>>> print(open('run_12.cif').read())   # mmCIF, C-alpha atoms
data_model
#
loop_
_atom_site.label_atom_id
_atom_site.label_comp_id
_atom_site.auth_asym_id
_atom_site.auth_seq_id
_atom_site.Cartn_x
_atom_site.Cartn_y
_atom_site.Cartn_z
CA MET A 1 -29.37 -0.41 -18.74
CA THR A 2 -28.82 -2.59 -21.76
CA ASN A 3 -26.45 -5.55 -21.60
CA LYS A 4 -23.87 -3.58 -23.55
CA GLN A 5 -24.08 -0.64 -21.16
CA LEU A 6 -23.75 -2.98 -18.20
CA PHE A 7 -20.72 -4.64 -19.74
CA ASN A 8 -19.09 -1.27 -20.44
CA LYS A 9 -19.77 -0.10 -16.90
CA GLY A 10 -18.06 -3.28 -15.66
CA LEU A 11 -15.07 -2.60 -17.89
CA ARG A 12 -14.81 0.94 -16.57
CA ASP A 13 -15.00 -0.18 -12.93
CA GLY A 14 -12.44 -2.91 -13.57
CA LEU A 15 -9.80 -0.74 -15.18
CA PRO A 16 -8.34 0.78 -11.99
CA ILE A 17 -8.12 -2.73 -10.55
CA CYS A 18 -6.31 -3.84 -13.70
CA LEU A 19 -3.73 -1.06 -13.34
CA GLY A 20 -3.14 -1.91 -9.69
CA TYR A 21 -2.71 -5.58 -10.58
CA LEU A 22 -0.11 -4.79 -13.25
CA SER A 23 2.33 -3.56 -10.63
CA VAL A 24 1.62 -6.24 -8.02
CA SER A 25 1.90 -9.07 -10.51
CA PHE A 26 5.02 -7.45 -11.98
CA ALA A 27 6.63 -7.87 -8.57
CA PHE A 28 5.32 -11.45 -8.40
CA GLY A 29 6.89 -12.22 -11.78
CA ILE A 30 10.28 -10.97 -10.60
CA PHE A 31 9.95 -12.85 -7.32
CA THR A 32 9.02 -16.12 -9.01
CA VAL A 33 11.74 -16.07 -11.64
CA GLY A 34 14.17 -15.09 -8.88
CA LEU A 35 13.33 -18.33 -7.09
CA GLY A 36 14.23 -20.31 -10.21
CA LEU A 37 10.92 -20.87 -12.01
CA SER A 38 10.59 -20.15 -15.74
CA VAL A 39 8.70 -17.25 -17.29
CA TRP A 40 5.91 -19.52 -18.60
CA GLN A 41 5.58 -21.15 -15.18
CA ALA A 42 5.17 -17.77 -13.48
CA ILE A 43 2.51 -16.78 -16.04
CA LEU A 44 0.66 -20.08 -15.63
CA ILE A 45 0.60 -19.70 -11.83
CA SER A 46 -0.93 -16.24 -12.15
CA MET A 47 -3.49 -17.32 -14.75
CA THR A 48 -4.73 -20.23 -12.65
CA ASN A 49 -4.64 -18.66 -9.17
CA VAL A 50 -5.22 -14.89 -9.34
CA THR A 51 -4.32 -14.31 -5.69
CA SER A 52 -1.22 -12.39 -4.65
CA ALA A 53 -0.72 -13.56 -1.06
CA GLY A 54 -1.52 -17.17 -1.95
CA GLN A 55 0.84 -17.20 -4.90
CA LEU A 56 3.62 -15.52 -2.93
CA ALA A 57 3.35 -18.18 -0.22
CA GLY A 58 2.82 -21.04 -2.67
CA VAL A 59 5.84 -20.56 -4.89
CA PRO A 60 8.47 -21.16 -2.17
CA ILE A 61 6.58 -24.34 -1.16
CA MET A 62 6.66 -25.47 -4.79
CA VAL A 63 10.31 -24.60 -5.34
CA GLY A 64 11.36 -26.06 -1.99
CA GLY A 65 9.55 -29.31 -2.77
CA LEU A 66 7.73 -29.18 0.57
CA PRO A 67 4.93 -31.70 1.21
CA LEU A 68 1.77 -31.14 -0.84
CA VAL A 69 -0.30 -31.11 2.34
CA GLU A 70 1.54 -27.93 3.26
CA MET A 71 0.48 -26.39 -0.04
CA VAL A 72 -3.13 -27.36 0.68
CA LEU A 73 -3.09 -25.97 4.22
CA THR A 74 -1.26 -22.77 3.29
CA GLN A 75 -3.58 -21.95 0.41
CA PHE A 76 -6.57 -22.86 2.53
CA VAL A 77 -5.65 -20.56 5.39
CA ILE A 78 -4.36 -17.67 3.30
CA ASN A 79 -7.32 -17.72 0.92
CA LEU A 80 -9.97 -18.52 3.50
CA ARG A 81 -11.12 -14.90 3.42
CA TYR A 82 -12.39 -15.47 -0.13
CA SER A 83 -15.04 -17.79 1.29
CA LEU A 84 -16.53 -14.93 3.25
CA MET A 85 -16.45 -12.70 0.18
CA SER A 86 -18.05 -15.42 -1.95
CA VAL A 87 -20.84 -15.76 0.60
CA SER A 88 -21.53 -11.99 0.47
CA MET A 89 -21.31 -12.01 -3.30
CA SER A 90 -23.79 -14.89 -3.61
CA GLN A 91 -26.40 -12.67 -1.90
CA LYS A 92 -25.65 -9.81 -4.25
CA LEU A 93 -25.91 -11.65 -7.59
CA SER A 94 -29.05 -10.91 -9.57
CA LYS A 95 -31.63 -13.69 -9.90
CA LYS A 96 -31.12 -13.50 -13.66
CA VAL A 97 -27.51 -14.72 -13.38
CA LEU A 98 -27.39 -18.26 -14.72
CA PHE A 99 -26.09 -20.84 -12.26
CA ARG A 100 -23.12 -21.81 -14.44
CA PHE A 101 -21.79 -18.25 -14.36
CA ARG A 102 -21.24 -18.62 -10.62
CA PHE A 103 -18.45 -21.06 -11.44
CA LEU A 104 -16.79 -18.41 -13.63
CA PHE A 105 -17.23 -15.46 -11.28
CA ALA A 106 -15.89 -17.55 -8.39
CA PHE A 107 -12.56 -17.76 -10.19
CA MET A 108 -12.16 -13.99 -9.95
CA VAL A 109 -13.27 -13.38 -6.37
CA THR A 110 -10.40 -11.15 -5.27
CA ASP A 111 -10.29 -8.49 -2.58
CA GLU A 112 -10.58 -5.66 -5.10
CA ILE A 113 -13.27 -7.18 -7.30
CA PHE A 114 -15.23 -8.11 -4.20
CA ALA A 115 -14.93 -4.56 -2.88
CA VAL A 116 -16.13 -2.99 -6.14
CA SER A 117 -18.96 -5.44 -6.81
CA ILE A 118 -20.35 -5.33 -3.29
CA SER A 119 -20.37 -1.53 -3.34
CA GLN A 120 -22.77 -1.46 -6.31
CA LYS A 121 -26.27 -0.18 -5.56
CA GLU A 122 -27.98 -2.62 -7.89
CA ASP A 123 -27.80 -6.41 -7.92
CA LEU A 124 -24.94 -7.79 -9.98
CA GLU A 125 -25.89 -8.76 -13.53
CA THR A 126 -23.91 -11.14 -15.74
CA PRO A 127 -22.71 -8.56 -18.33
CA TYR A 128 -21.51 -6.23 -15.58
CA MET A 129 -19.55 -9.00 -13.86
CA LEU A 130 -18.01 -10.15 -17.16
CA GLY A 131 -16.81 -6.61 -17.82
CA LEU A 132 -15.57 -6.19 -14.28
CA ILE A 133 -13.41 -9.31 -14.22
CA ALA A 134 -12.04 -9.06 -17.78
CA THR A 135 -9.31 -6.44 -17.50
CA PRO A 136 -8.09 -7.40 -14.00
CA PHE A 137 -7.44 -10.92 -15.30
CA LEU A 138 -5.51 -9.56 -18.28
CA GLY A 139 -3.60 -7.11 -16.08
CA TRP A 140 -2.68 -9.83 -13.60
CA THR A 141 -1.37 -12.08 -16.38
CA ALA A 142 0.40 -9.38 -18.38
CA GLY A 143 2.07 -7.91 -15.29
CA THR A 144 3.42 -11.31 -14.31
CA ALA A 145 4.80 -11.85 -17.80
CA LEU A 146 6.48 -8.43 -17.86
CA GLY A 147 7.97 -8.91 -14.40
CA ALA A 148 9.20 -12.41 -15.15
CA ILE A 149 10.85 -11.27 -18.39
CA ALA A 150 12.18 -7.93 -17.15
CA GLY A 151 13.42 -9.52 -13.92
CA ASP A 152 16.11 -11.24 -16.02
CA VAL A 153 17.43 -8.08 -17.61
CA LEU A 154 16.94 -5.48 -14.86
CA PRO A 155 20.02 -4.47 -12.84
CA SER A 156 20.30 -6.35 -9.54
CA MET A 157 19.77 -3.19 -7.49
CA VAL A 158 16.41 -2.59 -9.16
CA VAL A 159 15.38 -6.21 -8.58
CA SER A 160 16.41 -5.90 -4.94
CA ALA A 161 14.32 -2.75 -4.57
CA LEU A 162 11.26 -4.38 -6.18
CA GLY A 163 11.63 -7.37 -3.87
CA ILE A 164 10.00 -5.37 -1.09
CA ALA A 165 7.01 -4.27 -3.22
CA LEU A 166 4.51 -6.97 -2.27
CA TYR A 167 5.40 -6.80 1.41
CA ALA A 168 4.99 -3.02 1.28
CA MET A 169 1.49 -3.58 -0.11
CA PHE A 170 0.67 -5.92 2.74
CA VAL A 171 1.78 -3.19 5.14
CA ALA A 172 -0.49 -0.77 3.28
CA ILE A 173 -3.40 -3.19 3.67
CA ILE A 174 -2.88 -3.85 7.37
CA ILE A 175 -2.11 -0.41 8.74
CA PRO A 176 -5.19 1.72 7.88
CA PRO A 177 -7.69 -0.69 9.55
CA ALA A 178 -5.24 -1.30 12.41
CA LYS A 179 -5.07 2.45 12.98
CA LYS A 180 -8.86 2.64 13.36
CA ASN A 181 -9.45 -0.62 15.21
CA LYS A 182 -7.33 -1.53 18.25
CA ALA A 183 -8.38 -5.19 18.08
CA VAL A 184 -7.14 -5.48 14.48
CA ALA A 185 -3.88 -3.82 15.53
CA GLY A 186 -3.53 -6.24 18.45
CA CYS A 187 -4.25 -9.20 16.23
CA CYS A 188 -1.59 -8.06 13.74
CA LEU A 189 1.00 -7.54 16.48
CA LEU A 190 0.28 -10.96 17.97
CA ALA A 191 0.64 -12.63 14.56
CA MET A 192 3.93 -10.79 13.94
CA ALA A 193 5.28 -11.75 17.35
CA LEU A 194 4.38 -15.42 16.81
CA SER A 195 5.89 -15.32 13.34
CA CYS A 196 9.17 -13.97 14.74
CA LEU A 197 9.08 -16.65 17.41
CA PHE A 198 8.90 -19.35 14.74
CA TYR A 199 11.62 -17.71 12.70
CA TYR A 200 14.19 -16.83 15.34
CA VAL A 201 13.81 -19.40 18.15
CA PRO A 202 16.05 -22.32 17.21
CA ALA A 203 13.65 -24.93 18.62
CA PHE A 204 10.96 -23.83 16.11
CA SER A 205 13.19 -22.97 13.17
CA LYS A 206 12.70 -26.38 11.54
CA ILE A 207 9.00 -25.61 11.09
CA SER A 208 8.41 -24.45 7.52
CA GLN A 209 7.19 -20.97 6.68
CA GLY A 210 3.88 -22.32 5.36
CA ILE A 211 2.98 -24.07 8.63
CA SER A 212 4.25 -21.12 10.63
CA ILE A 213 1.89 -18.72 8.84
CA ILE A 214 -1.04 -21.06 9.39
CA VAL A 215 -0.37 -21.44 13.11
CA CYS A 216 0.20 -17.71 13.57
CA ALA A 217 -3.03 -16.84 11.74
CA LEU A 218 -5.19 -19.50 13.41
CA VAL A 219 -3.96 -18.70 16.92
CA SER A 220 -4.27 -14.92 16.49
CA GLY A 221 -7.61 -15.23 14.69
CA VAL A 222 -9.19 -17.51 17.30
CA ILE A 223 -7.90 -15.48 20.26
CA PHE A 224 -9.23 -12.20 18.86
CA ALA A 225 -12.49 -13.71 17.63
CA VAL A 226 -13.15 -14.91 21.19
CA ALA A 227 -11.84 -11.81 22.97
CA PHE A 228 -13.16 -9.15 20.58
CA PRO A 229 -16.02 -10.61 18.54
CA VAL A 230 -17.14 -8.40 15.69
CA ALA A 231 -20.51 -6.71 16.11
CA ASP A 232 -22.95 -7.90 13.45
CA GLU A 233 -23.50 -4.53 11.81
CA GLU A 234 -19.88 -3.51 12.06
CA ASN A 235 -18.96 -6.72 10.29
CA GLU A 236 -21.21 -5.76 7.42
CA ALA A 237 -19.62 -2.35 7.08
CA ASP A 238 -16.10 -3.67 7.37
CA GLY A 239 -16.77 -6.33 4.80
CA LYS A 240 -17.18 -3.57 2.25
CA LYS A 241 -13.86 -2.07 3.15
CA GLU A 242 -12.21 -5.48 3.00
CA VAL A 243 -8.89 -4.83 1.52
CA PRO A 244 -6.77 -5.97 -1.39
CA ALA A 245 -4.15 -8.62 -0.98
CA MET B 1 14.71 -25.50 -11.64
CA ILE B 2 12.02 -28.00 -10.70
CA ASP B 3 10.81 -30.92 -12.77
CA THR B 4 7.93 -29.99 -15.09
CA GLY B 5 5.73 -32.82 -13.87
CA VAL B 6 6.29 -31.80 -10.25
CA PHE B 7 5.52 -28.21 -11.18
CA PHE B 8 2.16 -29.17 -12.65
CA LEU B 9 1.32 -31.30 -9.62
CA TYR B 10 1.95 -28.40 -7.24
CA LEU B 11 0.20 -25.99 -9.62
CA ALA B 12 -2.90 -28.19 -9.76
CA VAL B 13 -3.08 -28.47 -5.97
CA MET B 14 -2.46 -24.74 -5.48
CA ALA B 15 -5.00 -23.61 -8.07
CA GLY B 16 -7.49 -26.31 -7.08
CA VAL B 17 -7.60 -25.38 -3.40
CA THR B 18 -7.76 -21.67 -4.19
CA TYR B 19 -10.63 -22.18 -6.63
CA LEU B 20 -12.64 -24.48 -4.35
CA ILE B 21 -12.42 -21.93 -1.52
CA ARG B 22 -13.94 -19.29 -3.79
CA MET B 23 -16.34 -21.50 -5.70
CA LEU B 24 -18.01 -23.64 -3.03
CA PRO B 25 -19.49 -20.77 -0.98
CA LEU B 26 -20.64 -18.94 -4.10
CA VAL B 27 -22.34 -22.03 -5.49
CA LEU B 28 -23.63 -23.64 -2.30
CA CYS B 29 -24.17 -20.84 0.15
CA LYS B 30 -27.48 -19.09 -0.20
CA GLU B 31 -27.80 -18.05 3.42
CA LYS B 32 -25.64 -15.73 5.47
CA ILE B 33 -23.27 -17.04 8.12
CA LYS B 34 -24.95 -16.69 11.50
CA SER B 35 -22.17 -17.73 13.87
CA ARG B 36 -20.68 -14.64 15.42
CA PHE B 37 -17.48 -16.51 16.21
CA VAL B 38 -16.95 -17.69 12.62
CA LYS B 39 -17.70 -14.21 11.30
CA SER B 40 -15.25 -12.66 13.74
CA PHE B 41 -12.61 -15.27 12.97
CA LEU B 42 -12.95 -14.67 9.22
CA TYR B 43 -12.71 -10.94 9.90
CA TYR B 44 -9.39 -11.17 11.77
CA VAL B 45 -7.68 -13.93 9.79
CA PRO B 46 -6.66 -11.88 6.68
CA TYR B 47 -4.87 -9.33 8.86
CA ALA B 48 -3.16 -12.05 10.89
CA VAL B 49 -2.06 -13.86 7.73
CA LEU B 50 -0.64 -10.73 6.12
CA SER B 51 1.12 -9.76 9.35
CA ALA B 52 2.74 -13.17 9.76
CA MET B 53 3.75 -13.20 6.09
CA THR B 54 5.32 -9.75 6.29
CA ILE B 55 7.24 -9.99 9.56
CA PRO B 56 10.04 -11.08 9.59
CA ALA B 57 10.17 -12.06 5.87
CA ILE B 58 10.28 -8.42 4.71
CA PHE B 59 13.68 -7.98 6.39
CA TYR B 60 15.18 -10.49 3.96
CA SER B 61 13.32 -9.38 0.81
CA THR B 62 16.13 -7.12 -0.42
CA SER B 63 19.92 -7.40 -0.73
CA TYR B 64 20.60 -5.84 2.67
CA PHE B 65 18.89 -5.91 6.06
CA LEU B 66 19.36 -2.14 6.46
CA SER B 67 17.69 -1.23 3.17
CA ALA B 68 14.78 -3.54 3.99
CA VAL B 69 14.27 -2.00 7.45
CA LEU B 70 14.26 1.52 6.01
CA GLY B 71 11.96 0.37 3.18
CA LEU B 72 9.58 -1.01 5.81
CA CYS B 73 9.71 2.32 7.69
CA ALA B 74 8.79 4.15 4.49
CA ALA B 75 5.87 1.76 3.91
CA VAL B 76 4.62 2.20 7.48
CA VAL B 77 4.76 6.01 7.33
CA LEU B 78 3.01 6.16 3.95
CA SER B 79 0.36 3.69 5.14
CA LEU B 80 -0.30 5.74 8.26
CA PHE B 81 -1.22 8.57 5.89
CA GLU B 82 -3.46 6.06 4.11
CA LYS B 83 -1.76 6.42 0.76
CA LYS B 84 -2.81 4.09 -2.07
CA LEU B 85 -1.26 0.62 -2.29
CA LEU B 86 0.67 1.56 -5.39
CA THR B 87 2.07 4.70 -3.74
CA VAL B 88 3.18 2.75 -0.67
CA ALA B 89 4.85 0.10 -2.80
CA ILE B 90 6.67 2.64 -4.96
CA GLY B 91 7.74 4.58 -1.84
CA ALA B 92 9.20 1.46 -0.22
CA CYS B 93 10.95 0.36 -3.43
CA SER B 94 12.42 3.84 -3.99
CA THR B 95 13.69 3.94 -0.41
CA VAL B 96 15.38 0.57 -0.79
CA PHE B 97 16.94 1.66 -4.08
CA ILE B 98 18.26 4.94 -2.67
CA VAL B 99 19.63 3.30 0.49
CA GLU B 100 21.43 0.61 -1.49
CA TYR B 101 22.75 3.22 -3.92
CA VAL B 102 24.17 5.28 -1.04
CA MET B 103 25.65 2.14 0.53
CA LYS B 104 27.33 1.33 -2.78
CA LEU B 105 28.78 4.85 -3.03
CA MET B 106 30.17 4.64 0.49
CA ASN B 107 31.98 1.37 -0.17
#
>>> encode(input="run_12.cif", output="structure tokens")
Amino acid sequence: MTNKQLFNKGLRDGLPICLGYLSVSFAFGIFTVGLGLSVWQAILISMTNVTSAGQLAGVPIMVGGLPLVEMVLTQFVINLRYSLMSVSMSQKLSKKVLFRFRFLFAFMVTDEIFAVSISQKEDLETPYMLGLIATPFLGWTAGTALGAIAGDVLPSMVVSALGIALYAMFVAIIIPPAKKNKAVAGCCLLAMALSCLFYYVPAFSKISQGISIIVCALVSGVIFAVAFPVADEENEADGKKEVPA
Amino acid sequence: MIDTGVFFLYLAVMAGVTYLIRMLPLVLCKEKIKSRFVKSFLYYVPYAVLSAMTIPAIFYSTSYFLSAVLGLCAAVVLSLFEKKLLTVAIGACSTVFIVEYVMKLMN
């Protein structure tokens, strides 16, 4: 394939991701403006982060003026999965990809882009990757802008209804693998139980949400990694199905 | 409304950490992770994070507890049928909207 054909193939593969991002980032825009940030601030957060779960957790920390170390830890834990994806992706990049492009592609390592790129039969070439990441970035930014602007003018009942959108997506990400894999289901239930413990038990209620998520994830992750280690080959297969967030 | 300088400080930290997590392995890592424990841990962590982020926060993501609970039920049912993310999100939002509309009518 010529460079142009590769680029066009990337564009084509990226378009469904772009459409999905429009709606998720729309909800993020509403959420962020609802917490008191400006439209341009919401857009800037999306343009520099491109990660839904991380942004959703980061904005309350920002608005609440919580310690910066909490921002570091929260983003680290929530986005840690990207490291694994980046490792897989580094094996998949064609030898022809110039080193400096790795710095660009790294910026757009998301669950969806990872899933699409790793499912390609051939090694990943630069034009293909450029096409693949182009429209998702635009969709993520444009959706945030639309949500942030429309969030101001939409009736409160619509805003309330959209408030559940991102959480509903998280449910949609968790449940299919949990249905197939009892260990994943157990890990999810443990994390939820711990999270409720932090939220509802008065002795723990002073602990911020950011720290609570970290502790819940680390404890559940370590316990299940020890009790139900992933088989090497299974890990490979599951990595491909790794889900959007 | 937070101070613009403070905003940029938090933004820089947030974006910086997120980028480093993605960039360092892609740039440095040429070999696959061998540790079975680390691989397993990285496999479970996303699900644990999303679970902890969703419960109990989802119950307070709408105007009323009841609409949020029913919205969650809709999301769970649709997810069990492995519907697309967008479908699940729209289903949950619609449920919340309808429940709150009915609640408004009854008041």
>>> closest_residue(input="run_12.cif", among="A:Asn49, A:Asn181, A:Ser86, A:Ser195", to="Met14 (chain B)", atoms="only C-alpha atoms")
A:Asn49
>>> atom_distance(input="run_12.cif", atom1="CA of Pro229 (chain A)", atom2="CA of Leu190 (chain A)")
16.3 Å
>>> resolve_selection(input="run_12.cif", expression="the PyMOL selection byres ((chain B and resi 40-45) around 10)", output="count of residues only")
48
>>> residues_around(input="run_12.cif", residues="Ser61 (chain B)", least_positions_apart="3", cutoff="9 Å", atoms="all atoms listed in the file", output="list in words")
Ser160, Ala161, Leu162, Gly163, Ile164 and Tyr167 of chain A; Ala57, Ile58, Tyr64, Phe65 and Ala68 of chain B
>>> resolve_selection(input="run_12.cif", expression="the PyMOL selection byres ((chain B and resi 15-31) around 10)", output="PyMOL selection string")
(chain A and resi 45-51+54-55+58+71-91+93+99-110) or (chain B and resi 10-14+32-34)
>>> write_last_selection(input="run_12.cif", atoms="C-alpha atoms", output="CSV table (one decimal), in the frame of the given file")
chain,number,residue,atom,x,y,z
A,45,ILE,CA,0.6,-19.7,-11.8
A,46,SER,CA,-0.9,-16.2,-12.2
A,47,MET,CA,-3.5,-17.3,-14.8
A,48,THR,CA,-4.7,-20.2,-12.6
A,49,ASN,CA,-4.6,-18.7,-9.2
A,50,VAL,CA,-5.2,-14.9,-9.3
A,51,THR,CA,-4.3,-14.3,-5.7
A,54,GLY,CA,-1.5,-17.2,-2.0
A,55,GLN,CA,0.8,-17.2,-4.9
A,58,GLY,CA,2.8,-21.0,-2.7
A,71,MET,CA,0.5,-26.4,0.0
A,72,VAL,CA,-3.1,-27.4,0.7
A,73,LEU,CA,-3.1,-26.0,4.2
A,74,THR,CA,-1.3,-22.8,3.3
A,75,GLN,CA,-3.6,-22.0,0.4
A,76,PHE,CA,-6.6,-22.9,2.5
A,77,VAL,CA,-5.6,-20.6,5.4
A,78,ILE,CA,-4.4,-17.7,3.3
A,79,ASN,CA,-7.3,-17.7,0.9
A,80,LEU,CA,-10.0,-18.5,3.5
A,81,ARG,CA,-11.1,-14.9,3.4
A,82,TYR,CA,-12.4,-15.5,-0.1
A,83,SER,CA,-15.0,-17.8,1.3
A,84,LEU,CA,-16.5,-14.9,3.2
A,85,MET,CA,-16.4,-12.7,0.2
A,86,SER,CA,-18.0,-15.4,-2.0
A,87,VAL,CA,-20.8,-15.8,0.6
A,88,SER,CA,-21.5,-12.0,0.5
A,89,MET,CA,-21.3,-12.0,-3.3
A,90,SER,CA,-23.8,-14.9,-3.6
A,91,GLN,CA,-26.4,-12.7,-1.9
A,93,LEU,CA,-25.9,-11.6,-7.6
A,99,PHE,CA,-26.1,-20.8,-12.3
A,100,ARG,CA,-23.1,-21.8,-14.4
A,101,PHE,CA,-21.8,-18.2,-14.4
A,102,ARG,CA,-21.2,-18.6,-10.6
A,103,PHE,CA,-18.4,-21.1,-11.4
A,104,LEU,CA,-16.8,-18.4,-13.6
A,105,PHE,CA,-17.2,-15.5,-11.3
A,106,ALA,CA,-15.9,-17.6,-8.4
A,107,PHE,CA,-12.6,-17.8,-10.2
A,108,MET,CA,-12.2,-14.0,-10.0
A,109,VAL,CA,-13.3,-13.4,-6.4
A,110,THR,CA,-10.4,-11.2,-5.3
B,10,TYR,CA,2.0,-28.4,-7.2
B,11,LEU,CA,0.2,-26.0,-9.6
B,12,ALA,CA,-2.9,-28.2,-9.8
B,13,VAL,CA,-3.1,-28.5,-6.0
B,14,MET,CA,-2.5,-24.7,-5.5
B,32,LYS,CA,-25.6,-15.7,5.5
B,33,ILE,CA,-23.3,-17.0,8.1
B,34,LYS,CA,-25.0,-16.7,11.5
>>> closest_residue(input="run_12.cif", among="B:Thr4, B:Asn107, B:Thr87, B:Ser79", to="chain A", atoms="all atoms listed in the file")
B:Ser79
>>> closest_residue(input="run_12.cif", among="B:Val69, B:Ile55, B:Ala74, B:Val102", to="chain A", atoms="all atoms listed in the file")
B:Ile55
>>> resolve_selection(input="run_12.cif", expression="the PyMOL selection byres ((chain B and resi 99) around 12)", output="PyMOL selection string")
(chain A and resi 157-158+160-161) or (chain B and resi 62-71+74+92-98+100-106)
>>> atom_distance(input="run_12.cif", atom1="CA of Lys180 (chain A)", atom2="CA of Met192 (chain A)")
18.6 Å
>>> axis_aligned_box(input="run_12.cif", around="region 12-16 of chain B", padding_each_side="8 Å", output="AutoDock Vina command-line options")
--center_x -5.0 --center_y -26.0 --center_z -7.6 --size_x 21.0 --size_y 20.9 --size_z 20.3
>>> closest_residue(input="run_12.cif", among="B:Leu85, B:Leu9, B:Ile2, B:Ala52", to="Ile173 (chain A)", atoms="all atoms listed in the file")
B:Leu85
>>> closest_residue(input="run_12.cif", among="A:Val201, A:Val116, A:Val24, A:Leu124", to="chain B", atoms="all atoms listed in the file")
A:Val24
>>> atom_distance(input="run_12.cif", atom1="CA of Val69 (chain A)", atom2="CA of Ser25 (chain A)")
25.6 Å
>>> residues_around(input="run_12.cif", residues="Thr126 (chain A)", least_positions_apart="6", cutoff="9 Å", atoms="all atoms listed in the file", output="ChimeraX atom specification")
/A:3,6-7,93-94,96-98,101
>>> closest_atom_pairs(input="run_12.cif", of="region 73-171 of chain A", to="region 26-38 of chain A", cutoff="9 Å", atoms="all atoms listed in the file", output="Markdown table")
| residue | atom | partner | partner_atom | distance |
| --- | --- | --- | --- | --- |
| A:Trp140 | CA | A:Phe26 | CA | 8.2 |
| A:Ala142 | CA | A:Phe26 | CA | 8.1 |
| A:Gly143 | CA | A:Phe26 | CA | 4.5 |
| A:Thr144 | CA | A:Gly29 | CA | 4.4 |
| A:Ala145 | CA | A:Gly29 | CA | 6.4 |
| A:Leu146 | CA | A:Phe26 | CA | 6.1 |
| A:Gly147 | CA | A:Phe26 | CA | 4.1 |
| A:Ala148 | CA | A:Gly29 | CA | 4.1 |
| A:Ile149 | CA | A:Gly29 | CA | 7.8 |
| A:Ala150 | CA | A:Ile30 | CA | 7.5 |
| A:Gly151 | CA | A:Ile30 | CA | 4.8 |
| A:Asp152 | CA | A:Val33 | CA | 7.8 |
| A:Val159 | CA | A:Ile30 | CA | 7.3 |
| A:Leu162 | CA | A:Ala27 | CA | 6.3 |
| A:Gly163 | CA | A:Phe31 | CA | 6.7 |
| A:Ile164 | CA | A:Ala27 | CA | 8.6 |
| A:Ala165 | CA | A:Ala27 | CA | 6.5 |
| A:Leu166 | CA | A:Ala27 | CA | 6.7 |
